[in-house]
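Contents: one structure, followed by commentary.
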Amino acid sequence: MFNLFKNEGKVKDPVCGMKIDKNKTQFSFVDKGETFYFCSQNCKDIFVGDNKKQGQEKKGGCCS
């Protein structure tokens with residue numbers, strides 16, 4: 001049987017593209033009323049603009 005709610009809560013991390021459950025992640029950021037969800041603190045820092053993380057490549061462990 002087809003499950004209509006199979007992907008409920010799944011969102012895409014805007015930094016690395018990983019699919020995550022927005023109801024289970026502890027990493028989020030609200031900007032102008034829109035909530036963004038992340039797989040890790042590192043991806044959140046990159047998105048928010050932490051200067052120490054800006055030069056880091058997406059491949060090679062941005063999600064650690």
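Convention: chains lettered A, B, ... in structure tokens order; per-chain residue numbering from 1; ligands numbered from 1 as shown.
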
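The environment of Thr35 in chain A within 10 Å, counting only C-alpha atoms and disregarding residues fewer than 6 places along the same chain, consists of A:Lys22, A:Ser28, A:Phe29.
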
Neighbours of Asp31 in chain A within 12 Å (only C-alpha atoms; same-chain residues fewer than 6 positions away dropped), as a list in words?
->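 Here the qualifying residues turn out to be Tyr37, Phe47 and Val48 of chain A.
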
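By chain and then residue number, the residues within 10 Å of Cys63 in chain A are Val15, Cys16, Met18, Phe38, Cys39, Ser40, Gln41, Asn42, Cys43 and Lys44 of chain A, counting only C-alpha atoms and disregarding those fewer than 6 positions away in sequence.
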
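With CA of Cys62 in chain A on one side and CA of Asp13 in chain A on the other, the separation reads 11.5 Å.
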
What does the distance from CA of Gly49 in chain A to CA of Thr25 in chain A come to in Å, to one decimal?
->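 Atom-to-atom, CA of Gly49 in chain A and CA of Thr25 in chain A are spaced 19.7 Å apart.
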
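Interatomic distance, CA of Val11 in chain A to CA of Asn23 in chain A: 9.7 Å.
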